[in-house]
$ cat query-v2.csv   # CSV, C-alpha atoms (C1' of nucleotides)
chain,number,residue,atom,x,y,z
A,1,MET,CA,1.9,-37.1,-11.8
A,2,THR,CA,-1.6,-38.0,-10.7
A,3,ASP,CA,-2.4,-39.2,-7.2
A,4,ILE,CA,-3.7,-42.7,-7.2
A,5,LYS,CA,-6.1,-44.0,-4.6
A,6,THR,CA,-6.8,-40.5,-3.1
A,7,GLY,CA,-10.3,-39.2,-3.7
A,8,PRO,CA,-10.7,-35.4,-4.3
A,9,ASN,CA,-7.3,-33.7,-4.5
A,10,PRO,CA,-6.3,-32.7,-1.0
A,11,LEU,CA,-4.6,-29.6,-2.3
A,12,PHE,CA,-7.9,-28.5,-3.8
A,13,LEU,CA,-9.6,-29.2,-0.4
A,14,ARG,CA,-7.1,-27.1,1.3
A,15,GLU,CA,-7.5,-24.3,-1.2
A,16,GLU,CA,-11.3,-24.5,-0.7
A,17,GLU,CA,-10.9,-24.5,3.1
A,18,LEU,CA,-8.7,-21.4,2.9
A,19,ARG,CA,-11.1,-19.6,0.5
A,20,GLN,CA,-14.0,-20.4,2.8
A,21,ALA,CA,-12.1,-18.8,5.7
A,22,ILE,CA,-11.4,-15.7,3.7
A,23,GLU,CA,-15.0,-15.3,2.8
A,24,MET,CA,-16.3,-16.1,6.2
A,25,LEU,CA,-14.1,-13.3,7.6
A,26,PHE,CA,-15.5,-10.9,5.1
A,27,PHE,CA,-19.2,-11.7,5.7
A,28,ALA,CA,-18.7,-12.0,9.5
A,29,TYR,CA,-17.1,-8.6,9.7
A,30,ARG,CA,-19.7,-7.0,7.6
A,31,ASP,CA,-22.7,-8.5,9.5
A,32,PHE,CA,-20.9,-7.8,12.7
A,33,THR,CA,-20.7,-4.1,12.1
A,34,ALA,CA,-24.0,-3.6,10.3
A,35,GLU,CA,-26.3,-3.1,13.3
A,36,PRO,CA,-24.0,-0.8,15.3
A,37,ASP,CA,-23.6,1.2,12.1
A,38,GLN,CA,-27.4,1.7,12.0
A,39,ILE,CA,-27.5,2.8,15.6
A,40,LEU,CA,-24.6,5.2,15.0
A,41,ALA,CA,-26.4,6.7,12.0
A,42,GLN,CA,-29.2,7.9,14.4
A,43,TYR,CA,-26.6,10.1,16.0
A,44,GLY,CA,-25.0,11.2,12.8
A,45,PHE,CA,-22.0,9.1,13.7
A,46,GLY,CA,-20.1,6.4,11.8
A,47,ARG,CA,-18.0,3.4,12.5
A,48,ALA,CA,-15.0,5.6,13.3
A,49,HIS,CA,-16.9,7.1,16.2
A,50,HIS,CA,-17.7,3.7,17.5
A,51,ARG,CA,-14.1,2.7,17.5
A,52,VAL,CA,-13.1,5.9,19.4
A,53,ILE,CA,-15.9,5.4,21.9
A,54,TYR,CA,-15.1,1.8,22.3
A,55,PHE,CA,-11.4,2.2,23.1
A,56,ILE,CA,-11.9,5.2,25.4
A,57,GLY,CA,-14.4,3.1,27.3
A,58,ARG,CA,-12.0,0.3,27.4
A,59,HIS,CA,-9.1,2.5,28.6
A,60,PRO,CA,-10.4,5.3,30.6
A,61,GLY,CA,-8.0,8.2,30.8
A,62,ILE,CA,-6.3,7.1,27.6
A,63,THR,CA,-4.1,9.8,25.9
A,64,VAL,CA,-4.5,11.0,22.3
A,65,SER,CA,-1.3,9.3,21.3
A,66,GLU,CA,-2.2,6.0,22.8
A,67,LEU,CA,-5.5,6.1,21.0
A,68,LEU,CA,-3.8,7.0,17.8
A,69,ALA,CA,-1.4,4.0,18.2
A,70,ILE,CA,-4.4,1.6,18.7
A,71,LEU,CA,-6.4,2.9,15.8
A,72,ALA,CA,-3.5,3.4,13.5
A,73,ILE,CA,-5.0,6.4,11.7
A,74,THR,CA,-3.6,10.0,11.4
A,75,LYS,CA,-4.2,12.6,14.0
A,76,GLN,CA,-6.2,14.6,11.5
A,77,SER,CA,-8.6,11.7,11.0
A,78,LEU,CA,-9.0,11.2,14.7
A,79,SER,CA,-9.3,14.9,15.4
A,80,ARG,CA,-12.5,15.2,13.3
A,81,VAL,CA,-14.2,12.3,15.0
A,82,LEU,CA,-13.0,12.9,18.5
A,83,GLY,CA,-13.8,16.6,18.2
A,84,GLN,CA,-17.4,15.8,17.4
A,85,LEU,CA,-17.6,13.4,20.3
A,86,VAL,CA,-16.3,16.0,22.7
A,87,GLU,CA,-18.4,18.8,21.3
A,88,GLU,CA,-21.6,16.7,21.6
A,89,GLY,CA,-20.8,15.6,25.1
A,90,PHE,CA,-19.9,11.9,24.7
A,91,VAL,CA,-16.3,12.3,25.6
A,92,ALA,CA,-14.7,14.4,28.3
A,93,GLN,CA,-11.1,15.5,28.4
A,94,ARG,CA,-8.7,16.6,31.2
A,95,PRO,CA,-5.1,17.5,31.2
A,96,GLY,CA,-2.5,14.9,32.2
A,97,GLU,CA,-1.3,15.1,35.7
A,98,ARG,CA,2.4,14.5,35.3
A,99,ASP,CA,2.4,15.8,31.7
A,100,ARG,CA,0.1,18.6,31.1
A,101,ARG,CA,0.4,18.5,27.4
A,102,GLN,CA,-1.5,15.3,27.4
A,103,ARG,CA,-5.3,15.2,27.0
A,104,LEU,CA,-6.7,12.3,29.0
A,105,LEU,CA,-10.0,11.1,27.5
A,106,ASP,CA,-12.9,9.6,29.3
A,107,LEU,CA,-16.5,8.8,28.4
A,108,THR,CA,-19.2,10.9,29.9
A,109,GLY,CA,-22.5,9.4,31.2
A,110,THR,CA,-24.0,9.8,27.8
A,111,GLY,CA,-20.9,8.4,26.2
A,112,ARG,CA,-21.0,5.3,28.4
A,113,GLU,CA,-24.6,4.8,27.6
A,114,LEU,CA,-24.0,4.9,23.8
A,115,GLU,CA,-20.9,2.7,24.2
A,116,ARG,CA,-23.0,0.1,26.1
A,117,ARG,CA,-25.7,0.2,23.5
A,118,LEU,CA,-23.3,-0.3,20.6
A,119,THR,CA,-21.1,-2.9,22.2
A,120,GLU,CA,-23.9,-4.8,23.8
A,121,ASN,CA,-25.1,-5.6,20.3
A,122,GLN,CA,-21.7,-7.1,19.3
A,123,ARG,CA,-21.3,-8.8,22.7
A,124,LYS,CA,-24.6,-10.5,22.3
A,125,ARG,CA,-23.7,-11.7,18.8
A,126,PHE,CA,-20.5,-13.2,20.1
A,127,ALA,CA,-22.3,-14.6,23.2
A,128,ARG,CA,-24.8,-16.4,21.0
A,129,ALA,CA,-22.1,-17.6,18.6
A,130,PHE,CA,-20.0,-18.9,21.5
A,131,ARG,CA,-23.0,-20.6,23.0
A,132,GLU,CA,-24.0,-22.3,19.8
A,133,ALA,CA,-20.5,-23.3,18.9
A,134,GLY,CA,-19.4,-24.6,22.3
A,135,PRO,CA,-16.4,-23.9,24.6
A,136,GLU,CA,-13.9,-25.9,22.6
A,137,ALA,CA,-14.8,-24.0,19.5
A,138,VAL,CA,-14.3,-20.7,21.4
A,139,GLU,CA,-10.8,-21.8,22.3
A,140,GLY,CA,-10.1,-22.7,18.7
A,141,PHE,CA,-11.6,-19.4,17.4
A,142,HIS,CA,-9.3,-17.5,19.7
A,143,ARG,CA,-6.2,-19.5,18.7
A,144,VAL,CA,-6.8,-19.0,15.0
A,145,LEU,CA,-7.8,-15.3,15.1
A,146,PHE,CA,-4.8,-14.6,17.4
A,147,ASN,CA,-2.5,-16.0,14.7
A,148,ILE,CA,-4.2,-14.0,12.0
A,149,ILE,CA,-3.3,-10.8,13.8
A,150,ASP,CA,0.1,-9.3,13.0
A,151,GLU,CA,2.6,-10.3,15.6
A,152,ARG,CA,3.3,-6.8,16.7
A,153,ASN,CA,-0.4,-6.3,17.6
A,154,ARG,CA,-0.9,-9.5,19.5
A,155,GLY,CA,0.4,-8.2,22.9
A,156,ARG,CA,-3.0,-7.2,24.1
A,157,PHE,CA,-4.3,-10.7,23.7
A,158,GLU,CA,-1.4,-12.6,25.2
A,159,ARG,CA,-2.5,-15.1,27.8
A,160,ARG,CA,-0.6,-14.2,31.0
A,161,GLU,CA,-0.1,-17.4,33.0
A,162,GLU,CA,2.7,-15.9,34.9
A,163,GLY,CA,2.3,-14.2,38.2
A,164,PRO,CA,1.0,-10.7,38.4
A,165,GLY,CA,3.5,-7.9,37.9
A,166,ARG,CA,5.8,-10.2,36.2
A,167,ALA,CA,6.5,-8.5,32.8
A,168,ARG,CA,6.8,-11.1,30.0
A,169,PRO,CA,10.1,-10.8,28.2
A,170,ALA,CA,9.9,-9.5,24.7
A,171,ARG,CA,9.6,-12.2,22.2
A,172,ARG,CA,12.6,-12.7,20.1
A,173,ALA,CA,12.2,-12.0,16.4
A,174,ALA,CA,11.8,-15.4,14.7
A,175,GLY,CA,15.0,-17.2,14.2
A,176,PRO,CA,17.2,-20.0,15.6
B,1,MET,CA,-25.1,-10.1,47.5
B,2,THR,CA,-21.5,-11.0,47.2
B,3,ASP,CA,-20.4,-14.4,45.9
B,4,ILE,CA,-18.5,-16.3,48.5
B,5,LYS,CA,-15.8,-18.7,47.6
B,6,THR,CA,-15.7,-17.8,43.9
B,7,GLY,CA,-12.6,-16.1,42.7
B,8,PRO,CA,-13.0,-13.4,40.1
B,9,ASN,CA,-16.6,-12.7,39.2
B,10,PRO,CA,-17.5,-15.1,36.3
B,11,LEU,CA,-19.7,-12.4,34.7
B,12,PHE,CA,-16.7,-10.2,34.5
B,13,LEU,CA,-14.6,-13.0,33.0
B,14,ARG,CA,-17.4,-13.5,30.4
B,15,GLU,CA,-17.5,-9.8,29.6
B,16,GLU,CA,-13.8,-9.7,29.3
B,17,GLU,CA,-13.8,-12.8,27.0
B,18,LEU,CA,-16.5,-11.1,24.8
B,19,ARG,CA,-14.6,-7.9,24.6
B,20,GLN,CA,-11.4,-9.7,23.6
B,21,ALA,CA,-13.3,-11.4,20.8
B,22,ILE,CA,-14.7,-8.1,19.6
B,23,GLU,CA,-11.2,-6.5,19.6
B,24,MET,CA,-9.5,-9.5,18.0
B,25,LEU,CA,-12.0,-9.4,15.1
B,26,PHE,CA,-11.1,-5.7,14.6
B,27,PHE,CA,-7.4,-6.2,14.6
B,28,ALA,CA,-7.5,-9.4,12.6
B,29,TYR,CA,-9.6,-7.8,9.9
B,30,ARG,CA,-7.4,-4.8,9.7
B,31,ASP,CA,-4.1,-6.7,9.5
B,32,PHE,CA,-5.7,-9.2,7.2
B,33,THR,CA,-6.5,-6.5,4.6
B,34,ALA,CA,-3.5,-4.3,5.0
B,35,GLU,CA,-1.1,-6.1,2.7
B,36,PRO,CA,-3.5,-6.7,-0.2
B,37,ASP,CA,-4.4,-3.0,0.2
B,38,GLN,CA,-0.8,-2.1,-0.4
B,39,ILE,CA,-0.6,-4.2,-3.5
B,40,LEU,CA,-3.8,-2.8,-4.8
B,41,ALA,CA,-2.5,0.7,-4.3
B,42,GLN,CA,0.3,-0.1,-6.8
B,43,TYR,CA,-2.4,-0.4,-9.5
B,44,GLY,CA,-4.4,2.6,-8.3
B,45,PHE,CA,-7.0,0.2,-6.9
B,46,GLY,CA,-8.7,-0.1,-3.5
B,47,ARG,CA,-10.2,-2.8,-1.4
B,48,ALA,CA,-13.4,-2.6,-3.4
B,49,HIS,CA,-11.5,-3.8,-6.5
B,50,HIS,CA,-10.2,-6.7,-4.6
B,51,ARG,CA,-13.7,-7.8,-3.6
B,52,VAL,CA,-14.9,-7.6,-7.1
B,53,ILE,CA,-11.9,-9.4,-8.5
B,54,TYR,CA,-12.2,-12.0,-5.8
B,55,PHE,CA,-15.8,-12.9,-6.4
B,56,ILE,CA,-15.6,-12.9,-10.1
B,57,GLY,CA,-12.7,-15.3,-9.8
B,58,ARG,CA,-14.7,-17.4,-7.5
B,59,HIS,CA,-17.7,-17.4,-9.7
B,60,PRO,CA,-16.7,-17.2,-13.3
B,61,GLY,CA,-19.5,-15.9,-15.5
B,62,ILE,CA,-21.3,-14.3,-12.6
B,63,THR,CA,-23.9,-11.7,-13.5
B,64,VAL,CA,-23.9,-8.1,-12.3
B,65,SER,CA,-27.0,-8.7,-10.1
B,66,GLU,CA,-25.4,-11.7,-8.5
B,67,LEU,CA,-22.3,-9.8,-7.8
B,68,LEU,CA,-24.4,-6.9,-6.3
B,69,ALA,CA,-26.2,-9.4,-4.1
B,70,ILE,CA,-23.0,-10.8,-2.7
B,71,LEU,CA,-21.3,-7.4,-2.2
B,72,ALA,CA,-24.5,-5.7,-0.9
B,73,ILE,CA,-23.6,-2.3,-2.4
B,74,THR,CA,-25.4,-0.2,-4.9
B,75,LYS,CA,-25.0,-0.6,-8.6
B,76,GLN,CA,-23.6,2.9,-8.8
B,77,SER,CA,-20.8,1.9,-6.4
B,78,LEU,CA,-20.1,-1.3,-8.2
B,79,SER,CA,-20.2,0.4,-11.6
B,80,ARG,CA,-17.2,2.7,-10.9
B,81,VAL,CA,-15.0,-0.1,-9.7
B,82,LEU,CA,-16.1,-2.7,-12.2
B,83,GLY,CA,-15.9,-0.1,-15.0
B,84,GLN,CA,-12.2,0.5,-14.1
B,85,LEU,CA,-11.5,-3.2,-14.0
B,86,VAL,CA,-13.0,-3.8,-17.4
B,87,GLU,CA,-11.4,-0.7,-18.9
B,88,GLU,CA,-8.0,-1.7,-17.7
B,89,GLY,CA,-8.3,-5.3,-18.9
B,90,PHE,CA,-8.7,-7.2,-15.6
B,91,VAL,CA,-12.3,-8.2,-16.2
B,92,ALA,CA,-14.0,-9.4,-19.4
B,93,GLN,CA,-17.7,-9.3,-20.1
B,94,ARG,CA,-19.9,-11.2,-22.5
B,95,PRO,CA,-23.7,-11.2,-22.9
B,96,GLY,CA,-25.8,-13.8,-21.3
B,97,GLU,CA,-26.8,-16.7,-23.5
B,98,ARG,CA,-30.4,-17.3,-22.5
B,99,ASP,CA,-30.8,-13.7,-21.3
B,100,ARG,CA,-28.9,-11.2,-23.5
B,101,ARG,CA,-29.5,-8.3,-21.1
B,102,GLN,CA,-27.1,-9.9,-18.6
B,103,ARG,CA,-23.4,-9.1,-18.5
B,104,LEU,CA,-21.5,-12.2,-17.6
B,105,LEU,CA,-18.2,-11.4,-15.9
B,106,ASP,CA,-14.9,-13.2,-16.0
B,107,LEU,CA,-11.3,-12.5,-15.1
B,108,THR,CA,-8.8,-12.1,-17.9
B,109,GLY,CA,-5.4,-13.5,-17.7
B,110,THR,CA,-4.1,-10.3,-16.1
B,111,GLY,CA,-7.1,-10.4,-13.8
B,112,ARG,CA,-6.4,-13.9,-12.7
B,113,GLU,CA,-2.8,-13.0,-12.1
B,114,LEU,CA,-3.7,-10.1,-9.8
B,115,GLU,CA,-6.4,-12.1,-8.1
B,116,ARG,CA,-3.8,-14.8,-7.3
B,117,ARG,CA,-1.4,-12.3,-6.0
B,118,LEU,CA,-3.9,-10.7,-3.7
B,119,THR,CA,-5.6,-13.8,-2.5
B,120,GLU,CA,-2.4,-15.8,-2.1
B,121,ASN,CA,-1.4,-13.3,0.6
B,122,GLN,CA,-4.5,-13.9,2.6
B,123,ARG,CA,-4.5,-17.6,1.9
B,124,LYS,CA,-1.0,-17.8,3.3
B,125,ARG,CA,-2.0,-15.9,6.4
B,126,PHE,CA,-4.8,-18.3,7.1
B,127,ALA,CA,-2.6,-21.3,6.2
B,128,ARG,CA,0.0,-20.2,8.7
B,129,ALA,CA,-2.7,-19.4,11.3
B,130,PHE,CA,-4.3,-22.8,10.8
B,131,ARG,CA,-1.0,-24.6,11.0
B,132,GLU,CA,-0.1,-22.9,14.2
B,133,ALA,CA,-3.4,-23.3,15.8
B,134,GLY,CA,-4.1,-26.9,14.9
B,135,PRO,CA,-7.0,-28.7,13.2
B,136,GLU,CA,-9.3,-28.7,16.1
B,137,ALA,CA,-8.9,-25.0,16.4
B,138,VAL,CA,-9.7,-24.6,12.7
B,139,GLU,CA,-12.9,-26.5,13.3
B,140,GLY,CA,-13.8,-24.2,16.2
B,141,PHE,CA,-12.9,-21.1,14.3
B,142,HIS,CA,-15.2,-22.2,11.6
B,143,ARG,CA,-18.1,-22.9,13.9
B,144,VAL,CA,-17.8,-19.6,15.7
B,145,LEU,CA,-17.4,-17.4,12.7
B,146,PHE,CA,-20.3,-19.2,11.0
B,147,ASN,CA,-22.5,-18.3,13.9
B,148,ILE,CA,-21.4,-14.7,13.8
B,149,ILE,CA,-22.6,-14.3,10.2
B,150,ASP,CA,-26.2,-13.4,9.7
B,151,GLU,CA,-28.4,-16.4,9.1
B,152,ARG,CA,-29.4,-15.3,5.7
B,153,ASN,CA,-25.8,-15.2,4.6
B,154,ARG,CA,-24.8,-18.6,5.9
B,155,GLY,CA,-25.9,-20.6,2.9
B,156,ARG,CA,-22.6,-20.5,1.1
B,157,PHE,CA,-20.9,-22.0,4.1
B,158,GLU,CA,-23.4,-24.7,4.9
B,159,ARG,CA,-21.8,-28.1,5.4
B,160,ARG,CA,-23.5,-30.5,2.9
B,161,GLU,CA,-23.3,-33.9,4.3
B,162,GLU,CA,-26.4,-35.0,2.3
B,163,GLY,CA,-26.1,-36.6,-1.0
B,164,PRO,CA,-25.5,-34.4,-4.0
B,165,GLY,CA,-28.5,-32.7,-5.6
B,166,ARG,CA,-30.4,-33.1,-2.4
B,167,ALA,CA,-31.5,-29.6,-1.6
B,168,ARG,CA,-31.4,-28.9,2.1
B,169,PRO,CA,-34.9,-27.8,3.4
B,170,ALA,CA,-35.2,-24.2,4.4
B,171,ARG,CA,-34.6,-23.8,8.1
B,172,ARG,CA,-37.7,-22.7,9.9
B,173,ALA,CA,-37.7,-19.3,11.4
B,174,ALA,CA,-37.0,-19.7,15.1
B,175,GLY,CA,-40.0,-20.6,17.2
B,176,PRO,CA,-42.1,-23.6,18.3
C,1,DT,C1',-48.4,-5.0,-26.7
C,2,DT,C1',-47.6,-3.7,-22.2
C,3,DT,C1',-45.0,-4.4,-18.2
C,4,DT,C1',-41.2,-6.0,-15.7
C,5,DT,C1',-36.3,-6.9,-15.4
C,6,DA,C1',-31.2,-6.2,-16.0
C,7,DT,C1',-28.3,-2.9,-16.5
C,8,DG,C1',-26.3,1.7,-17.2
C,9,DT,C1',-25.6,6.7,-16.3
C,10,DC,C1',-25.6,11.5,-14.5
C,11,DA,C1',-25.3,14.3,-10.5
C,12,DG,C1',-24.7,15.3,-5.9
C,13,DT,C1',-23.5,14.0,-1.0
C,14,DC,C1',-21.2,11.9,3.0
C,15,DA,C1',-17.7,9.4,6.0
C,16,DT,C1',-13.3,8.3,6.6
C,17,DG,C1',-9.1,7.9,5.4
C,18,DT,C1',-4.6,10.4,3.3
C,19,DT,C1',-0.4,14.1,2.9
C,20,DG,C1',1.8,18.3,3.9
C,21,DA,C1',2.7,22.4,6.4
C,22,DC,C1',2.7,25.0,10.3
C,23,DA,C1',1.5,26.4,15.5
C,24,DT,C1',1.6,26.1,20.6
C,25,DA,C1',2.5,24.5,25.1
C,26,DT,C1',5.1,21.8,27.9
C,27,DA,C1',8.8,18.7,29.1
C,28,DT,C1',13.6,17.4,29.2
C,29,DG,C1',18.5,17.4,28.6
C,30,DA,C1',23.1,19.7,27.7
D,1,DT,C1',18.9,28.6,31.1
D,2,DC,C1',18.5,27.7,26.5
D,3,DA,C1',17.8,24.5,22.9
D,4,DT,C1',15.5,20.7,21.4
D,5,DA,C1',12.1,17.1,21.5
D,6,DT,C1',7.4,15.8,22.4
D,7,DA,C1',2.1,16.0,22.7
D,8,DT,C1',-1.2,18.0,20.5
D,9,DG,C1',-3.9,21.0,17.3
D,10,DT,C1',-5.2,23.1,12.9
D,11,DC,C1',-5.7,24.5,8.0
D,12,DA,C1',-6.1,22.9,3.3
D,13,DA,C1',-6.4,19.7,-0.3
D,14,DC,C1',-7.4,15.2,-2.0
D,15,DA,C1',-9.0,10.0,-2.7
D,16,DT,C1',-11.9,6.2,-1.9
D,17,DG,C1',-16.0,4.0,-1.6
D,18,DA,C1',-20.2,4.2,0.1
D,19,DC,C1',-25.0,6.6,-0.5
D,20,DT,C1',-29.6,8.8,-2.8
D,21,DG,C1',-32.5,10.1,-6.5
D,22,DA,C1',-33.7,10.4,-11.2
D,23,DC,C1',-33.8,8.9,-15.7
D,24,DA,C1',-32.6,5.7,-19.9
D,25,DT,C1',-32.4,1.4,-22.7
D,26,DA,C1',-32.7,-3.2,-24.2
D,27,DA,C1',-34.6,-7.5,-23.7
D,28,DA,C1',-37.6,-10.8,-21.5
D,29,DA,C1',-42.1,-12.1,-19.9
D,30,DA,C1',-47.0,-11.7,-19.3
$ encode --input "query-v2.csv" --output "C-alpha cells"
Amino acid sequence: MTDIKTGPNPLFLREEELRQAIEMLFFAYRDFTAEPDQILAQYGFGRAHHRVIYFIGRHPGITVSELLAILAITKQSLSRVLGQLVEEGFVAQRPGERDRRQRLLDLTGTGRELERRLTENQRKRFARAFREAGPEAVEGFHRVLFNIIDERNRGRFERREEGPGRARPARRAAGP
Amino acid sequence: MTDIKTGPNPLFLREEELRQAIEMLFFAYRDFTAEPDQILAQYGFGRAHHRVIYFIGRHPGITVSELLAILAITKQSLSRVLGQLVEEGFVAQRPGERDRRQRLLDLTGTGRELERRLTENQRKRFARAFREAGPEAVEGFHRVLFNIIDERNRGRFERREEGPGRARPARRAAGP
DNA sequence: TTTTTATGTCAGTCATGTTGACATATATGA
DNA sequence: TCATATATGTCAACATGACTGACATAAAAA
C-alpha cells in the first residue's frame, strides 16, 4: 500500500502542482486586469467596455453578431456597453455593404487612443514577463494555455504552417 | 526607413505575439471557469462562493482577515457569500484559540465534497493541458504566469530551494 | 483604562451578466 | 411575389458580486 523508497508522494506533488496552476491563473488574471480597470473607471467604463473596444480594434468592421460570438454574452448586455461607446464617440458604425442590416463597427480616433492606452498596459506586462521568462518559456506558456482553452475556441490561435489561402480541414471530433 | 532583407516586420510579429497572449488569457480564463460556474449554479452559488470554498479548503482554519487579504474584496462582499456558505452547512467556524475575536474557518464534509467536485474539474483541465503540452512547457507556463502576477502577490508561488525554516530575504525594490 | 483590532451589520449604489417578449428592416428562397 | 429567415434593436425585470459609508461589539494590547 505504501510506496517504498520514494520520497514525498508523487501524487501529492502533482496535486500541489495543479493547485498552484489554478491559483496562479486566478492571481494573474486579477492583476492583469486591475490597471486597465482603473483607467476605464476614469471614463466611467468597466471591463466590458475594454473587451468591446479591444475586439473592435482587433477586427475593424466587425459585425454585431461576430462580436457577440466572440464575447459570448447576450445582445442585451452588449447593447448597453456598445451603445455607450457609440454615444460617447469611441466607436463608429456604418451599414454593411452587401447586407445593409448589418452594423459594421470601427474605432474612432478617440477609441483607438483609449484602446492603445488600455492594451499597451497589458502588452507591456506580457512583454516584461516574456523577457524575464525567456523564449522557451513563452513557447511553453503558449502550448499550455492553448490546451486550457475549449477546443471550439482554439481556432483563432491555431498555428498555420500551411501555405496562405489553404484552409485547414476541420479537425475531427476526438475518436479512432 | 524601410528594412531591407527582413521579411515581415519583427515589431509587428512581436505585437501580434503579445496580442495573442492577451487574448489567450481571456479565453482560457473564461473557459476555465465556465464548468465550475454551472455546477455552482445548481446550488444557487456563484464564482465568489467557489473562491471562498477553495481558499478555505486550501488553508483550513484561515481567519476572516486572511481570507479577505487573499481575495482582495471588502468584508461586506465576503460576508454575504461566507454567510450563505455557513448557513447552508458548507463552512464551519470556531473562535480563535489565542485570539477569541477571530473566526477560524473550515470546510465541513459537504463543503469538502463540493470543493472537490469544483476543483477536480479545473485540476483535470490543467492535467490534460500539462500532459498534452509536455513538462518543459509546464515549466515555461509557470515562469511566464509567475511574472504576470504582481510582485507583491508572488510570495505564495516562490520556489523555495533553500533549506526549511530559512526565510528568504525580502527582495529589494528595483534599483541600484 | 483607553485604544486598537477583528469582525459584523445596515443601507444604498453600480457594473455586468441573465431571461423573455416583441419590433423592424432586409435578405433569401419557394 | 410572398413568406420566411436573419441581423439587429428595445423594453422590462432580475441576479450576482463588487463598491462606499456609517456604525456596533467584543476582545486584545498598550
$ residues_near_point --input "query-v2.csv" --point "(4.1, 23.5, 21.8)" --cutoff "10 Å" --atoms "all atoms listed in the file" --output "PyMOL selection string"
(chain A and resi 101) or (chain C and resi 23-27) or (chain D and resi 6-9)
$ closest_residue --input "query-v2.csv" --among "B:Glu87, B:Asp31, B:Asp99, B:Glu158" --to "chain C" --atoms "only C-alpha atoms (C1' of nucleotides)"
B:Asp99
$ interface_residues --input "query-v2.csv" --of "chain A" --to "chain C" --cutoff "12 Å" --atoms "all atoms listed in the file" --output "ChimeraX atom specification"
/A:37,41,44-49,71-81,95-96,98-102
$ closest_residue --input "query-v2.csv" --among "B:Asn147, B:Arg156, B:Glu16, B:Glu113" --to "Ala28 of chain A" --atoms "only C-alpha atoms"
B:Asn147
$ interface_residues --input "query-v2.csv" --of "chain A" --to "chain B" --cutoff "8 Å" --atoms "all atoms listed in the file" --output "ChimeraX atom specification"
/A:15,18-22,24-25,27-29,31-32,122-123,125-130,132-133,136-150,153,157
$ atom_distance --input "query-v2.csv" --atom1 "atom CA of Leu40 of chain A" --atom2 "atom CA of Arg117 of chain A"
9.9 Å
$ atom_distance --input "query-v2.csv" --atom1 "atom CA of Leu107 of chain B" --atom2 "atom CA of Gly57 of chain B"
6.2 Å
$ closest_atom_pairs --input "query-v2.csv" --of "chain D" --to "chain B" --cutoff "12 Å" --atoms "only C-alpha atoms (C1' of nucleotides)" --output "tab-separated table"
residue	atom	partner	partner_atom	distance
D:DA15	C1'	B:Gly46	CA	10.1
D:DT16	C1'	B:Gly46	CA	7.2
D:DG17	C1'	B:Ser77	CA	7.1
D:DA18	C1'	B:Ser77	CA	6.9
D:DC19	C1'	B:Thr74	CA	8.1
D:DT20	C1'	B:Thr74	CA	10.2
D:DG21	C1'	B:Gln76	CA	11.7
D:DT25	C1'	B:Arg101	CA	10.2
D:DA26	C1'	B:Arg101	CA	6.8
D:DA27	C1'	B:Arg101	CA	5.8
D:DA28	C1'	B:Asp99	CA	7.4
D:DA29	C1'	B:Asp99	CA	11.5
$ atom_distance --input "query-v2.csv" --atom1 "atom CA of Ala92 of chain A" --atom2 "atom CA of Gly111 of chain A"
8.9 Å
$ closest_residue --input "query-v2.csv" --among "B:Asp106, B:Ala34, B:Leu85, B:Asn9" --to "Pro60 of chain B" --atoms "all atoms listed in the file"
B:Asp106
